[in-house]
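Participant: Sharing start_4.cif, mmCIF, C-alpha atoms:
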data_coords
#
loop_
_atom_site.label_atom_id
_atom_site.label_comp_id
_atom_site.auth_asym_id
_atom_site.auth_seq_id
_atom_site.Cartn_x
_atom_site.Cartn_y
_atom_site.Cartn_z
CA MET A 1271 133.08 82.49 197.99
CA SER A 1272 132.49 86.14 198.94
CA GLU A 1273 136.03 87.16 199.93
CA LYS A 1274 138.27 88.21 197.10
CA ARG A 1275 141.79 87.30 198.10
CA LEU A 1276 144.83 87.82 195.89
CA LEU A 1277 148.48 86.81 196.26
CA ILE A 1278 150.82 89.36 194.67
CA ILE A 1279 154.42 88.46 193.87
CA THR A 1280 156.53 91.50 193.05
CA ASN A 1281 160.20 92.18 192.34
CA ARG A 1282 160.06 95.26 194.58
CA PHE A 1283 157.85 96.84 197.24
CA PRO A 1284 158.52 100.22 198.86
CA ALA A 1285 159.26 100.00 202.57
CA GLY A 1286 158.20 103.61 203.16
CA PRO A 1287 157.01 106.79 201.41
CA ASP A 1288 160.50 107.91 200.37
CA ASP A 1289 161.65 104.49 199.16
CA PRO A 1290 162.16 104.70 195.36
CA ALA A 1291 161.51 100.95 194.91
CA ALA A 1292 158.41 100.59 192.68
CA PRO A 1293 156.33 103.08 194.70
CA PHE A 1294 153.20 102.43 192.63
CA VAL A 1295 152.88 98.92 194.12
CA TYR A 1296 151.92 100.45 197.46
CA ASP A 1297 149.30 102.63 195.75
CA PHE A 1298 147.99 99.57 193.91
CA LYS A 1299 147.70 97.57 197.12
CA ARG A 1300 145.75 100.40 198.76
CA ALA A 1301 143.42 100.68 195.76
CA LEU A 1302 142.75 96.95 195.90
CA GLY A 1303 141.84 97.26 199.57
CA GLN A 1304 139.38 100.04 198.81
CA GLY A 1305 137.79 97.66 196.32
CA GLU A 1306 137.43 95.02 199.07
CA ILE A 1307 140.24 92.83 197.75
CA THR A 1308 142.53 91.35 200.38
CA ALA A 1309 146.06 91.24 199.01
CA ASP A 1310 149.14 89.57 200.46
CA ILE A 1311 152.50 90.72 199.08
CA ILE A 1312 155.53 88.50 198.50
CA THR A 1313 158.63 90.60 197.89
CA PRO A 1314 162.42 90.20 198.19
CA TYR A 1315 164.11 91.93 201.09
CA TYR A 1316 166.04 95.09 200.31
CA ARG A 1317 167.52 97.50 202.80
CA PRO A 1318 164.84 100.13 203.48
CA TYR A 1319 165.59 103.75 202.73
CA ARG A 1320 166.62 105.41 205.99
CA ASN A 1321 165.23 102.39 207.89
CA ASP A 1322 161.70 103.65 207.27
CA THR A 1323 159.46 100.56 207.15
CA ARG A 1324 156.04 102.08 207.77
CA TYR A 1325 154.62 100.40 204.63
CA ILE A 1326 155.64 96.93 205.80
CA ASP A 1327 152.64 95.53 207.66
CA SER A 1328 151.42 91.99 208.34
CA SER A 1329 150.24 91.60 204.74
CA VAL A 1330 153.74 92.21 203.31
CA HIS A 1331 156.08 89.21 203.43
CA PRO A 1332 159.71 89.97 202.52
CA PHE A 1333 161.91 86.94 201.89
CA ALA A 1334 165.66 86.87 202.39
CA TRP A 1335 167.98 86.10 199.48
CA SER A 1336 170.98 88.43 199.91
CA ASP A 1337 172.18 91.23 202.16
CA GLY A 1338 169.66 93.53 200.49
CA SER A 1339 172.18 95.93 198.99
CA ARG A 1340 171.77 95.06 195.30
CA VAL A 1341 168.76 94.63 193.02
CA ILE A 1342 168.59 91.20 191.38
CA SER A 1343 168.42 92.67 187.86
CA GLN A 1344 171.79 94.37 188.47
CA LEU A 1345 173.71 91.21 189.39
CA PRO A 1346 176.74 90.79 187.11
CA LEU A 1347 176.13 87.84 184.79
CA TYR A 1348 179.87 87.20 184.47
CA ASP A 1349 180.11 86.34 188.17
CA PRO A 1350 179.22 82.68 188.95
CA ARG A 1351 178.03 83.77 192.38
CA SER A 1352 175.21 85.66 190.73
CA PHE A 1353 173.60 82.42 189.59
CA LEU A 1354 173.72 81.09 193.15
CA ARG A 1355 171.98 84.26 194.35
CA VAL A 1356 169.33 83.99 191.65
CA ARG A 1357 168.68 80.37 192.62
CA LYS A 1358 168.32 81.38 196.27
CA TYR A 1359 165.96 84.19 195.25
CA LEU A 1360 163.70 81.79 193.32
CA GLN A 1361 163.79 79.10 196.01
CA ASN A 1362 163.06 81.45 198.90
CA GLY A 1363 160.44 83.40 196.97
CA TYR A 1364 158.67 80.17 196.12
CA ALA A 1365 158.88 78.88 199.71
CA ALA A 1366 157.43 82.09 201.17
CA SER A 1367 154.59 82.05 198.63
CA ALA A 1368 153.85 78.36 199.11
CA ALA A 1369 153.56 78.84 202.87
CA LEU A 1370 150.83 81.43 202.34
CA LEU A 1371 149.03 79.27 199.78
CA ARG A 1372 148.88 76.43 202.30
CA GLU A 1373 147.37 78.74 204.93
CA ASN A 1374 144.92 80.79 202.86
CA LYS A 1375 142.45 80.42 200.00
CA TYR A 1376 143.43 82.72 197.14
CA LEU A 1377 141.39 83.26 194.01
CA ALA A 1378 144.51 84.01 191.99
CA ILE A 1379 148.18 84.98 191.91
CA LEU A 1380 149.34 88.20 190.25
CA ALA A 1381 152.99 88.48 189.21
CA LEU A 1382 154.42 91.96 188.78
CA TRP A 1383 157.06 91.55 186.05
CA ALA A 1384 157.35 88.34 184.04
CA LEU A 1385 160.78 87.72 185.60
CA PRO A 1386 161.50 86.65 188.22
CA SER A 1387 158.01 87.02 189.77
CA GLY A 1388 156.26 85.35 186.84
CA TYR A 1389 158.59 82.38 187.03
CA ILE A 1390 157.66 81.83 190.69
CA ALA A 1391 153.95 82.37 189.97
CA ARG A 1392 153.94 79.79 187.18
CA LYS A 1393 155.47 77.11 189.41
CA LEU A 1394 153.02 77.92 192.22
CA SER A 1395 150.09 77.73 189.82
CA HIS A 1396 151.23 74.30 188.65
CA ASP A 1397 151.74 73.00 192.20
CA PHE A 1398 148.64 74.49 193.86
CA GLY A 1399 146.17 74.79 190.98
CA VAL A 1400 145.67 78.55 191.45
CA PRO A 1401 145.51 80.64 188.23
CA TYR A 1402 148.10 83.35 187.74
CA ALA A 1403 148.25 86.60 185.79
CA VAL A 1404 151.31 88.59 184.74
CA TRP A 1405 151.55 92.38 184.75
CA THR A 1406 154.46 93.31 182.47
CA LEU A 1407 156.15 96.55 183.48
CA GLY A 1408 158.78 97.32 180.87
CA SER A 1409 162.16 95.82 181.70
CA ASP A 1410 160.85 92.25 181.45
CA ILE A 1411 159.69 92.80 177.84
CA ASN A 1412 162.03 95.55 176.62
CA ASP A 1413 165.19 94.03 178.08
CA TRP A 1414 165.00 90.42 179.32
CA ALA A 1415 162.68 89.16 176.57
CA ARG A 1416 165.21 90.26 173.95
CA ARG A 1417 167.89 87.90 175.24
CA PRO A 1418 168.03 84.46 173.60
CA PHE A 1419 167.42 82.14 176.56
CA MET A 1420 165.50 84.67 178.67
CA GLY A 1421 163.23 85.48 175.73
CA ARG A 1422 162.01 81.89 175.48
CA LEU A 1423 161.55 81.76 179.25
CA VAL A 1424 159.50 84.98 179.31
CA ALA A 1425 157.37 83.82 176.37
CA GLY A 1426 156.59 80.53 178.09
CA ILE A 1427 155.56 82.28 181.31
CA LEU A 1428 153.27 84.64 179.38
CA LYS A 1429 151.66 81.89 177.31
CA GLN A 1430 150.66 79.86 180.36
CA ALA A 1431 149.20 82.79 182.32
CA ALA A 1432 145.44 83.06 182.78
CA MET A 1433 145.54 86.82 182.11
CA LEU A 1434 148.08 89.31 180.80
CA TYR A 1435 148.37 92.99 181.62
CA ALA A 1436 150.88 95.72 180.74
CA ASP A 1437 151.40 99.23 182.05
CA GLY A 1438 151.48 100.74 178.57
CA TYR A 1439 149.55 100.36 175.34
CA GLU A 1440 152.70 99.80 173.29
CA LEU A 1441 154.01 97.40 175.93
CA ALA A 1442 150.70 95.53 175.77
CA ALA A 1443 151.13 95.13 172.01
CA LYS A 1444 154.67 93.78 172.52
CA THR A 1445 153.47 91.40 175.22
CA GLN A 1446 150.66 90.20 172.95
CA ALA A 1447 153.06 89.63 170.05
CA LEU A 1448 155.45 87.67 172.26
CA SER A 1449 152.77 85.49 173.84
CA GLY A 1450 150.15 85.22 171.10
CA ARG A 1451 147.61 86.14 173.80
CA ASP A 1452 145.42 89.17 174.49
CA CYS A 1453 147.02 91.71 176.84
CA ARG A 1454 145.19 94.59 178.53
CA PHE A 1455 146.43 98.01 179.60
CA LEU A 1456 146.77 98.37 183.37
CA PRO A 1457 148.17 101.74 184.53
CA SER A 1458 151.00 101.82 187.07
CA TYR A 1459 150.45 105.17 188.74
CA HIS A 1460 152.11 106.64 191.79
CA ALA A 1461 150.22 109.30 193.75
CA VAL A 1462 152.75 111.88 194.90
CA HIS A 1463 150.46 113.92 197.22
CA ILE A 1464 151.63 117.40 196.27
CA GLU A 1465 150.94 119.68 199.24
CA GLU A 1466 152.05 123.07 197.91
CA THR A 1467 150.17 125.37 195.55
CA LYS A 1468 151.58 125.86 192.07
CA THR A 1469 152.77 129.40 191.33
CA ALA A 1470 151.09 131.35 188.56
CA THR A 1471 154.39 131.74 186.70
CA PRO A 1472 156.76 128.76 186.88
CA GLU A 1473 160.41 129.41 187.48
CA LYS A 1474 163.01 129.28 184.76
CA TYR A 1475 164.22 125.73 185.03
CA PHE A 1476 163.61 122.23 183.70
CA VAL A 1477 163.61 119.08 185.79
CA CYS A 1478 164.54 115.50 184.93
CA VAL A 1479 163.43 112.88 187.47
CA GLY A 1480 164.64 109.28 187.26
CA ARG A 1481 167.62 106.98 187.26
CA ILE A 1482 170.87 108.57 186.12
CA GLU A 1483 171.78 106.10 183.40
CA LYS A 1484 173.06 106.56 179.86
CA GLU A 1485 170.04 104.71 178.44
CA LYS A 1486 167.78 107.20 180.22
CA GLY A 1487 169.11 109.91 177.91
CA VAL A 1488 170.69 112.05 180.63
CA PHE A 1489 173.69 112.94 178.45
CA ASP A 1490 171.44 113.83 175.50
CA LEU A 1491 169.61 116.23 177.80
CA LEU A 1492 172.86 117.81 179.00
CA GLU A 1493 174.02 118.42 175.42
CA SER A 1494 170.66 119.97 174.50
CA PHE A 1495 170.59 122.18 177.57
CA ARG A 1496 174.13 123.28 176.80
CA LEU A 1497 172.81 124.64 173.50
CA PHE A 1498 169.73 126.12 175.17
CA VAL A 1499 171.55 127.92 177.98
CA GLY A 1500 173.77 129.65 175.42
CA SER A 1501 170.82 131.88 174.52
CA HIS A 1502 169.02 131.60 177.88
CA PRO A 1503 171.79 132.05 180.48
CA GLU A 1504 169.33 132.62 183.36
CA TRP A 1505 167.82 129.13 183.07
CA HIS A 1506 168.64 126.02 185.14
CA LEU A 1507 168.37 122.25 184.82
CA TYR A 1508 167.86 119.87 187.75
CA TYR A 1509 168.57 116.14 187.67
CA ILE A 1510 166.80 114.26 190.49
CA GLY A 1511 167.92 110.68 190.99
CA THR A 1512 170.88 108.36 191.29
CA GLY A 1513 172.42 105.74 189.06
CA ARG A 1514 175.56 104.29 187.53
CA ALA A 1515 176.17 107.37 185.35
CA GLU A 1516 175.84 109.88 188.19
CA ALA A 1517 179.59 110.47 188.59
CA ALA A 1518 180.18 110.65 184.83
CA LEU A 1519 177.37 113.18 184.45
CA SER A 1520 178.86 115.40 187.16
CA VAL A 1521 182.26 115.28 185.45
CA LYS A 1522 180.66 116.29 182.16
CA VAL A 1523 178.84 119.20 183.78
CA LYS A 1524 182.11 120.48 185.23
CA SER A 1525 183.96 120.07 181.92
CA TYR A 1526 181.32 122.28 180.29
CA HIS A 1527 181.57 124.81 183.16
CA LEU A 1528 177.85 124.51 183.80
CA GLU A 1529 178.00 123.92 187.56
CA ASN A 1530 176.07 127.15 188.22
CA CYS A 1531 173.07 126.17 186.12
CA VAL A 1532 173.03 122.33 186.00
CA HIS A 1533 172.35 120.71 189.35
CA CYS A 1534 172.74 116.98 190.04
CA SER A 1535 170.63 116.71 193.18
CA GLY A 1536 170.92 112.97 193.74
CA TYR A 1537 168.00 111.22 195.35
CA LEU A 1538 165.62 113.65 197.05
CA GLU A 1539 162.89 112.86 199.51
CA ARG A 1540 159.43 113.06 198.02
CA LYS A 1541 158.49 116.50 199.34
CA ALA A 1542 161.67 118.09 197.99
CA ALA A 1543 161.27 116.38 194.61
CA ASN A 1544 157.63 117.49 194.43
CA ARG A 1545 158.62 121.07 195.16
CA LEU A 1546 161.11 121.15 192.30
CA LEU A 1547 158.65 119.48 189.95
CA LEU A 1548 155.75 121.75 190.88
CA HIS A 1549 157.57 124.99 190.11
CA ALA A 1550 159.46 123.85 186.99
CA ARG A 1551 158.59 125.13 183.54
CA ALA A 1552 158.46 121.50 182.31
CA ALA A 1553 159.61 117.98 183.11
CA ILE A 1554 161.92 116.36 180.57
CA ILE A 1555 161.97 112.60 179.98
CA PRO A 1556 164.77 111.87 177.45
CA SER A 1557 164.82 108.08 177.84
CA HIS A 1558 165.99 105.76 175.06
CA SER A 1559 163.74 102.88 176.14
CA ASP A 1560 160.61 103.13 178.23
CA SER A 1561 156.89 102.41 178.23
CA LEU A 1562 155.11 105.05 180.29
CA PRO A 1563 157.45 106.01 183.15
CA LEU A 1564 156.06 106.97 186.55
CA THR A 1565 157.62 110.41 186.08
CA PHE A 1566 155.08 111.14 183.34
CA GLY A 1567 152.16 110.63 185.74
CA GLU A 1568 153.95 112.57 188.48
CA ALA A 1569 154.38 115.54 186.13
CA MET A 1570 150.68 115.42 185.29
CA GLN A 1571 149.78 115.49 189.00
CA ALA A 1572 151.99 118.55 189.43
CA GLY A 1573 150.29 120.18 186.43
CA ARG A 1574 153.57 120.37 184.55
CA PRO A 1575 153.84 119.79 180.80
CA VAL A 1576 156.49 117.41 179.49
CA ILE A 1577 159.12 117.10 176.81
CA THR A 1578 159.76 113.46 176.02
CA SER A 1579 161.50 111.24 173.52
CA ASP A 1580 159.16 109.55 171.03
CA ILE A 1581 159.11 106.14 172.69
CA GLY A 1582 156.52 104.00 174.39
CA ASP A 1583 153.15 105.59 175.12
CA MET A 1584 154.37 109.11 175.79
CA PRO A 1585 153.67 110.39 172.25
CA ARG A 1586 150.20 108.80 172.43
CA PHE A 1587 149.29 110.67 175.61
CA ILE A 1588 150.88 113.92 174.45
CA ASP A 1589 148.90 113.83 171.19
CA LYS A 1590 145.66 112.81 172.90
CA TYR A 1591 145.72 115.36 175.73
CA HIS A 1592 148.08 118.07 174.38
CA VAL A 1593 150.30 118.15 177.46
CA GLY A 1594 153.74 118.63 175.93
CA HIS A 1595 156.06 117.92 173.03
CA TYR A 1596 158.13 114.94 171.92
CA TYR A 1597 161.18 114.55 169.72
CA PRO A 1598 163.09 111.74 167.93
CA VAL A 1599 164.93 109.73 170.57
CA GLY A 1600 168.56 110.80 170.96
CA ASN A 1601 168.18 113.85 168.69
CA ILE A 1602 169.91 116.64 170.59
CA GLU A 1603 168.95 119.44 168.20
CA SER A 1604 165.28 118.46 168.24
CA LEU A 1605 165.23 118.35 172.04
CA HIS A 1606 166.78 121.81 172.05
CA ASP A 1607 164.02 123.03 169.72
CA ARG A 1608 161.31 121.61 172.03
CA MET A 1609 162.84 123.48 174.98
CA ASN A 1610 162.49 126.73 173.07
CA LEU A 1611 158.95 125.84 172.02
CA ILE A 1612 157.62 124.99 175.47
CA ILE A 1613 158.64 128.38 176.84
CA SER A 1614 155.87 129.99 174.81
CA ASP A 1615 153.03 127.43 175.16
CA GLU A 1616 153.61 126.09 178.69
CA LYS A 1617 150.43 127.64 180.17
CA GLU A 1618 148.18 126.20 177.48
CA LEU A 1619 149.68 122.73 177.83
CA ALA A 1620 149.55 122.79 181.64
CA ARG A 1621 145.76 123.29 181.62
CA ASN A 1622 145.27 119.84 180.08
CA CYS A 1623 147.30 117.83 182.61
CA PRO A 1624 144.40 116.93 184.97
CA GLU A 1625 142.62 115.01 182.19
CA VAL A 1626 145.52 112.58 181.86
CA ILE A 1627 145.27 111.57 185.51
CA LYS A 1628 141.74 110.23 184.97
CA GLU A 1629 143.08 107.60 182.58
CA LEU A 1630 146.18 106.77 184.61
CA ASP A 1631 144.47 106.51 188.02
CA ILE A 1632 145.62 103.36 189.85
CA ALA A 1633 141.98 102.78 190.85
CA ASN A 1634 141.40 101.78 187.22
CA ALA A 1635 143.98 99.01 187.64
CA ALA A 1636 142.32 97.80 190.83
CA ARG A 1637 138.90 97.68 189.14
CA GLU A 1638 140.30 95.65 186.25
CA ILE A 1639 141.80 93.09 188.64
CA SER A 1640 138.54 92.99 190.60
CA CYS A 1641 136.63 92.12 187.43
CA TRP A 1642 139.07 89.30 186.71
CA LEU A 1643 138.68 87.89 190.21
CA ASP A 1644 134.88 88.10 189.88
CA SER A 1645 135.11 86.01 186.72
CA LEU A 1646 137.01 83.32 188.62
CA GLN A 1647 134.53 82.92 191.46
CA PRO A 1648 131.79 81.05 189.52
CA LYS A 1649 134.33 78.45 188.35
CA ILE A 1650 135.65 77.95 191.89
CA LEU A 1651 132.11 77.55 193.26
CA GLN A 1652 131.38 75.02 190.51
CA ASP A 1653 134.52 73.05 191.41
CA ILE A 1654 133.48 73.06 195.09
CA ARG A 1655 129.99 71.77 194.26
CA GLN A 1656 131.42 69.04 192.01
CA TYR A 1657 133.82 67.99 194.75
CA ALA A 1658 131.04 67.94 197.36
CA GLY A 1659 128.83 65.78 195.16
CA ALA A 1660 131.55 63.32 194.27
#
Represent the supplied structure as structure tokens.

Facilitator:
Amino acid sequence: MSEKRLLIITNRFPAGPDDPAAPFVYDFKRALGQGEITADIITPYYRPYRNDTRYIDSSVHPFAWSDGSRVISQLPLYDPRSFLRVRKYLQNGYAASAALLRENKYLAILALWALPSGYIARKLSHDFGVPYAVWTLGSDINDWARRPFMGRLVAGILKQAAMLYADGYELAAKTQALSGRDCRFLPSYHAVHIEETKTATPEKYFVCVGRIEKEKGVFDLLESFRLFVGSHPEWHLYYIGTGRAEAALSVKVKSYHLENCVHCSGYLERKAANRLLLHARAAIIPSHSDSLPLTFGEAMQAGRPVITSDIGDMPRFIDKYHVGHYYPVGNIESLHDRMNLIISDEKELARNCPEVIKELDIANAAREISCWLDSLQPKILQDIRQYAGA
């Protein structure tokens, strides 16, 4: 069997270049294609950002399960209707995948996130005899696996998978501990295609890119910047993103009378976000729970050092490549100190950013999957020969 064909089941797939839904999955699919792997994508339907669907081609198969306005992980568990929607999601996701499995010969199934994609992949593997792998991506292990019933479900899905991957070294260790199985690092990297040239002297502002949620540390950052701007009144802070805490954050900014220097930009199209990132003094990632967020890789592509909380793999990469500073998660005074520190050593740290990209390149993930598929081909050929001789 010369053709390497893979069925990917993912919780999200970006409809276009400005769609914030798991943008790395598009990059991953492209990298697989460059490695001569044909990939079909099964993904739930969500309303596309500004009706831009240029990424949705004949290899992407969205399935209907709701009106597309809400992400499945954000369904309220107290509402009985949520369970009906989840059931429809699983049924329709399975049906769409099964239809492709009946039409095509796949070497394997790859589930992005253990839930709900891994749940569908496990059932398909049982029904069609195709091995499946799981690529854990943070929320499935750091959130869902901690819940009593969900934890057992996630563990069972991981234990029965043919291969396990994680998009962080720490996350891989957690996945391995939960499953009792080996788990390999597979980078989730989003190429942001920065078109402008970085200025020799960055402007006097910090930028925070990501969801505006309390657990993302956005209020910690505001408190730290409030201290910082007291002695640096010419500096600014930009929040880029949307989320449940967006309104509360704006209220807090106004209560502190910081409207002139703290800017809640909401969701920005990629070019505008890149421009702010490129000319910032540093990107700040104050999250309370994360593995290796896409923002880290985006900052490295822009050649911008980072200040991060000491969670996930961010301290590992900062220590290895000397591209920033980290602080104890939630510690406002320490974050304030790192802001003062990075003013003086930003140029030295920025020089090291390109080295990080070599390790995080999504082509590395595609090569790892290609090697796994290569290992499956001899077994499939053996099964075919045994069947023919029977």

Participant: Given the file shown, enumerate the residues that the PyMOL selection byres ((chain A and resi 1632) around 8) captures and present them as a ChimeraX atom specification.

Facilitator: /A:1297-1298,1301,1457-1460,1630-1631,1633-1636

Participant: Need the shell around A:Glu1568: protein/DNA/RNA residues with any atom at most 10 Å away, counting only C-alpha atoms. Skip same-chain ones fewer than 5 positions apart. Format as a short mmCIF file (atom, residue, chain, number, x, y, z; two decimals) with C-alpha atoms, in the coordinates of the input?

Facilitator:
data_model
loop_
_atom_site.label_atom_id
_atom_site.label_comp_id
_atom_site.auth_asym_id
_atom_site.auth_seq_id
_atom_site.Cartn_x
_atom_site.Cartn_y
_atom_site.Cartn_z
CA TYR A 1459 150.45 105.17 188.74
CA HIS A 1460 152.11 106.64 191.79
CA ALA A 1461 150.22 109.30 193.75
CA VAL A 1462 152.75 111.88 194.90
CA HIS A 1463 150.46 113.92 197.22
CA ILE A 1464 151.63 117.40 196.27
CA VAL A 1479 163.43 112.88 187.47
CA ASN A 1544 157.63 117.49 194.43
CA LEU A 1547 158.65 119.48 189.95
CA LEU A 1548 155.75 121.75 190.88
CA ALA A 1553 159.61 117.98 183.11
CA PRO A 1563 157.45 106.01 183.15
CA GLY A 1573 150.29 120.18 186.43
CA ARG A 1574 153.57 120.37 184.55
CA ILE A 1627 145.27 111.57 185.51
#

Participant: Smallest atom-to-atom distance to A:Leu1434: which of A:Asp1288, A:Glu1485, A:Asp1452, A:Asp1490, using only C-alpha atoms?

Facilitator: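 Closest candidate: A:Asp1452.
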
Participant: Please determine the residues with any atom at most 12 Å from (166.8, 109.3, 199.1) (coordinates as given in the file, with only C-alpha atoms counting) and report them as a PyMOL selection string.

Facilitator: chain A and resi 1286-1291+1318-1322+1510-1512+1535-1543

Participant: Report the distance between atom CA of A:Arg1637 and atom CA of A:Pro1401 in Å, rounded to one decimal place.

Facilitator: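 So the two atoms, atom CA of A:Arg1637 and atom CA of A:Pro1401, lie 18.3 Å apart.
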
Participant: Record the distance separating atom CA of A:His1592 and atom CA of A:Leu1619, expressed in Å with one decimal.

Facilitator: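 Result for atom CA of A:His1592 versus atom CA of A:Leu1619: 6.0 Å, one decimal.
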
Participant: Could you work out an axis-aligned box for stretch 1330-1340 of chain A, taking every atom the file lists and adding 3 Å on each side, and report centre and edge lengths in Å to one decimal, as AutoDock Vina command-line options?

Facilitator:
--center_x 163.0 --center_y 91.0 --center_z 199.4 --size_x 24.4 --size_y 15.8 --size_z 14.1
